[in-house]
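First comes the structure, then the notes that go with it.
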Amino acid sequence: MKVLFKKIVPMAVVSAFMLGAVSAQAQITKYGKDLTDEERAQISALAPGAPMPKDDEFVHIPPTMEDLEASDLHPKMKEAIRRGHDLFVNTQQLRGKNVFNNMNCASCHMGEGRLPFAGPVWPAAVDLPAYRGKNGHVNNLEERLVGCFTYSMNGNPPAYGSDDMLALTLYHQWLATGVPMFPKDKLYGRGYPRLADPEQKPDAVRGKAAYQANCAVCHGEDGAGKKEGDKVIFPALWGDDSYNWGAGIARVFTLASFTKHNMPLGQPNSLSEQDAWDIAQYVDSQERPQDPRYTGDIKETREKYLETFHKHTMYGLEHEGKILGDHDNVGHKDFLKPDILRSRDFTGGKQAE
């Protein structure tokens, strides 16, 4: 592979961010206006180049695994949280059973799911149950994880109430230690804050050049990522080993924000916003496994989920003479839609016809 990006990422940085290990940091749970200078310095170190918290933003930097060991939680609770953490940073241990690509939870939710502007997962533990437009009903935390396995990991989610599902949800909830349920305040660093619209329309040709210069050294010029034996070092960004067309990061605006705030690895916020948009346009214009909601007709599927999702993706649109997603390829699995996906009805059986 030709290396076009000359700033080689140290393996220590790879371990700290991509694989999930984060050095010990003090937990913070307070409003921006109450932060000390030391806490602001800590946040700056966790999210280099990111905006600092505003006075009225609720700031939460979750506990670390070191905090867990030092806590007075019951040993069995610690055991379950450790298992959840292990599954989160090494979800590949479920490959062939629940995961059918090269993704870990920590591939999208950086630094053990703790870091601001890197998809921290603790907000899900305090905001759910809540309505979700993607599937049109109220979802709980387990169901949110079901979505991640179904789309981002192109997989077959662990069963509701299973040991692995309990461990994963408990890890999320433990990360939210000290945060009130259903917070009304704006949460600092939540998700991947959407970038302003670019000055120029996102362009895949420019994006390819920016990708080769900044991303190919880790993810490959073919987007296949990097593995050492069975161990995923860098995830695939397209193809059968990557997320499918229904994954949240298949939306160009989501990938652009993720890229700007977190990439290249170890150099967050070093790309221009235009480059982030262009790279996202290029990556999300590449083929990947079918959306599990596929009806058998690409035009019908795009239209069915257009307003709730696909208006932000390239799915069903023409690119380089081909209609993206117009295929039956489901990647490494042998099914399209997991049986666990379901609808919900809270009308007591009185749902309007």
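Ordering of the structure tokens sets the chain letters (A, B, ...), residue numbers begin anew at 1 in every chain, and ligands are numbered from 1 in the order given.
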inquiry  = Report as a list of chain:residue names all protein, DNA and RNA residues lying within 8 Å of Pro120 (chain A), evaluated on only C-alpha atoms, omitting residues in the same chain fewer than 3 positions from it.
reply    = A:His109, A:Met110, A:Gly113, A:Arg114, A:Leu115, A:Pro116, A:Phe117, A:Pro123, A:Gly189, A:Arg190, A:Gly191
Kindly export the residues of the current selection with C-alpha atoms, as a PDB file, in the first residue's frame.
```pdb
ATOM      1  CA  HIS A 109     -17.575   5.799  19.961  1.00  0.00           C
ATOM      2  CA  MET A 110     -13.969   6.683  20.612  1.00  0.00           C
ATOM      3  CA  GLY A 113     -17.312   5.727  24.652  1.00  0.00           C
ATOM      4  CA  ARG A 114     -16.185   8.442  27.078  1.00  0.00           C
ATOM      5  CA  LEU A 115     -14.795  11.274  24.973  1.00  0.00           C
ATOM      6  CA  PRO A 116     -16.655  14.493  24.113  1.00  0.00           C
ATOM      7  CA  PHE A 117     -17.347  15.045  20.396  1.00  0.00           C
ATOM      8  CA  PRO A 123     -26.245  10.278  27.086  1.00  0.00           C
ATOM      9  CA  GLY A 189     -19.738  17.152  23.500  1.00  0.00           C
ATOM     10  CA  ARG A 190     -22.720  14.959  22.784  1.00  0.00           C
ATOM     11  CA  GLY A 191     -22.590  12.862  19.617  1.00  0.00           C
TER      12      GLY A 191
END
```
query = Could you pull the residues within 10 Å of region 294-308 of chain A, counting only C-alpha atoms, minus those fewer than 6 positions along the same chain, as a ChimeraX atom specification?
reply = /A:132-136,245-246,314-317,323-328,336-337
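By only C-alpha atoms, and with residues fewer than 2 positions from Gly49 (chain A) along its chain excluded, the set lying at most 10 Å from it is Ser44, Ala45, Leu46, Ala47, Pro51, Met52, His261, Asn262, Gln267, Pro268, Asn269 and Ser270 of chain A.
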query = What residues in region 126-230 of chain A get the DSSP label strand (DSSP E or B)? Please answer as a VMD selection string.
reply = chain A and resid 130 to 132 137 to 139 187 226 to 228
query = Can you list, as a VMD selection string, every residue of region 98-346 of chain A that DSSP puts in alpha helix (DSSP H)?
reply = chain A and resid 105 to 108 110 to 113 122 to 127 141 to 147 163 to 175 204 to 214 216 to 219 252 to 262 273 to 283 298 to 304
request  = Compile the contact shell of Ala280 (chain A) as a VMD selection string: residues with an atom at most 10 Å away, counting only C-alpha atoms, same-chain residues fewer than 3 positions apart removed.
outcome  = chain A and resid 202 to 204 207 to 208 211 249 to 260 274 to 277 283 to 285
Save the residues we just selected, N, CA and C atoms, as a short mmCIF file (atom, residue, chain, number, x, y, z; two decimals), in the first residue's frame?
```cif
data_model
loop_
_atom_site.label_atom_id
_atom_site.label_comp_id
_atom_site.auth_asym_id
_atom_site.auth_seq_id
_atom_site.Cartn_x
_atom_site.Cartn_y
_atom_site.Cartn_z
N PRO A 202 -20.21 19.33 -1.03
CA PRO A 202 -19.30 18.19 -0.86
C PRO A 202 -19.07 17.46 -2.18
N ASP A 203 -17.81 17.11 -2.41
CA ASP A 203 -17.42 16.56 -3.70
C ASP A 203 -16.57 15.31 -3.50
N ALA A 204 -16.98 14.20 -4.13
CA ALA A 204 -16.27 12.93 -3.95
C ALA A 204 -14.90 12.92 -4.61
N GLY A 207 -12.79 14.70 -2.30
CA GLY A 207 -12.75 13.84 -1.13
C GLY A 207 -11.80 12.68 -1.28
N LYS A 208 -11.73 12.12 -2.48
CA LYS A 208 -10.79 11.02 -2.72
C LYS A 208 -9.36 11.47 -2.51
N TYR A 211 -8.83 11.98 1.16
CA TYR A 211 -8.78 10.67 1.81
C TYR A 211 -7.41 10.04 1.63
N ILE A 249 -23.76 6.41 10.37
CA ILE A 249 -22.59 7.09 9.80
C ILE A 249 -22.57 7.01 8.28
N ALA A 250 -23.55 6.32 7.68
CA ALA A 250 -23.74 6.36 6.23
C ALA A 250 -24.34 7.69 5.80
N ARG A 251 -24.86 8.46 6.76
CA ARG A 251 -25.30 9.82 6.47
C ARG A 251 -24.07 10.70 6.33
N VAL A 252 -24.00 11.45 5.26
CA VAL A 252 -22.81 12.24 4.96
C VAL A 252 -22.53 13.25 6.06
N PHE A 253 -23.57 13.91 6.60
CA PHE A 253 -23.32 14.92 7.63
C PHE A 253 -22.77 14.30 8.91
N THR A 254 -23.18 13.08 9.23
CA THR A 254 -22.67 12.41 10.43
C THR A 254 -21.21 12.04 10.27
N LEU A 255 -20.86 11.45 9.13
CA LEU A 255 -19.46 11.08 8.90
C LEU A 255 -18.57 12.31 8.81
N ALA A 256 -19.07 13.40 8.22
CA ALA A 256 -18.28 14.63 8.13
C ALA A 256 -17.93 15.14 9.52
N SER A 257 -18.91 15.15 10.41
CA SER A 257 -18.66 15.63 11.77
C SER A 257 -17.72 14.71 12.53
N PHE A 258 -17.95 13.41 12.42
CA PHE A 258 -17.04 12.45 13.05
C PHE A 258 -15.61 12.67 12.57
N THR A 259 -15.45 12.83 11.27
CA THR A 259 -14.12 13.00 10.68
C THR A 259 -13.46 14.27 11.18
N LYS A 260 -14.19 15.37 11.19
CA LYS A 260 -13.62 16.64 11.63
C LYS A 260 -13.17 16.58 13.08
N GLN A 274 -14.21 21.79 5.10
CA GLN A 274 -14.46 21.41 3.71
C GLN A 274 -13.87 20.04 3.42
N ASP A 275 -12.65 19.78 3.89
CA ASP A 275 -12.05 18.46 3.68
C ASP A 275 -12.86 17.38 4.37
N ALA A 276 -13.36 17.67 5.57
CA ALA A 276 -14.17 16.68 6.29
C ALA A 276 -15.43 16.33 5.51
N TRP A 277 -16.10 17.34 4.99
CA TRP A 277 -17.30 17.11 4.17
C TRP A 277 -16.94 16.33 2.90
N VAL A 283 -16.29 8.70 0.99
CA VAL A 283 -16.42 7.42 1.69
C VAL A 283 -17.85 6.90 1.60
N ASP A 284 -18.82 7.78 1.80
CA ASP A 284 -20.22 7.35 1.79
C ASP A 284 -20.80 7.25 0.38
N SER A 285 -19.93 7.39 -0.64
CA SER A 285 -20.32 7.11 -2.02
C SER A 285 -19.79 5.75 -2.47
#
```
Please report as JSON lines every residue of region 223-286 of chain A lying within 7 Å of region 152-171 of chain A, along with the nearest atom pair and their distance in Å (one decimal), using only C-alpha atoms.
```
{"residue": "A:Tyr243", "atom": "CA", "partner": "A:Ser152", "partner_atom": "CA", "distance": 4.6}
{"residue": "A:Asn244", "atom": "CA", "partner": "A:Asn154", "partner_atom": "CA", "distance": 5.8}
{"residue": "A:Ala247", "atom": "CA", "partner": "A:Ser152", "partner_atom": "CA", "distance": 4.9}
```
Go ahead and save the picked residues with N, CA and C atoms, as a compact mmCIF listing (two decimals), in the first residue's frame.
```
# COMPACT_ATOMS: atom_id res chain seq x y z
N TYR A 243 -19.72 -0.89 7.74
CA TYR A 243 -21.11 -0.67 8.11
C TYR A 243 -22.00 -0.74 6.88
N ASN A 244 -23.28 -1.08 7.08
CA ASN A 244 -24.19 -1.20 5.94
C ASN A 244 -24.90 0.12 5.65
N ALA A 247 -26.64 2.28 8.47
CA ALA A 247 -25.90 2.79 9.63
C ALA A 247 -25.95 4.31 9.68
```
ask   = Expressed in Å to a single decimal, how great is the separation between CA of Thr313 (chain A) and CA of Gln290 (chain A)?
value = 13.0 Å
request  = Using only C-alpha atoms, determine which residues lie at most 9 Å from Gly239 (chain A), disregarding the query and same-chain residues fewer than 2 positions distant; provide the list as a PyMOL selection string.
outcome  = chain A and resi 222-224+236-237+241-244+286-289+331
ask   = Neighbours of Gly225 (chain A) within 8 Å (only C-alpha atoms; same-chain residues fewer than 2 positions away dropped), as a VMD selection string?
value = chain A and resid 218 to 220 223 227 233 to 237
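Proximity to Pro180 (chain A) was assessed for A:His74, A:Lys33, A:His60, A:Lys322 counting only C-alpha atoms; the smallest distance is recorded for A:His60.
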inquiry  = I'd like the contact shell of region 139-146 of chain A - 6 Å cut-off, only C-alpha atoms, skipping same-chain residues fewer than 6 positions apart - returned as a PyMOL selection string.
reply    = chain A and resi 128-130+157
Just write the chosen residues, C-alpha atoms, as a PDB file, in the first residue's frame.
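The new file selection09.pdb reads:
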```pdb
ATOM      1  CA  LEU A 128     -33.837   6.698  26.867  1.00  0.00           C
ATOM      2  CA  PRO A 129     -36.572   5.516  26.632  1.00  0.00           C
ATOM      3  CA  ALA A 130     -37.418   8.085  23.957  1.00  0.00           C
ATOM      4  CA  PRO A 157     -27.907  -8.351  17.940  1.00  0.00           C
TER       5      PRO A 157
END
```
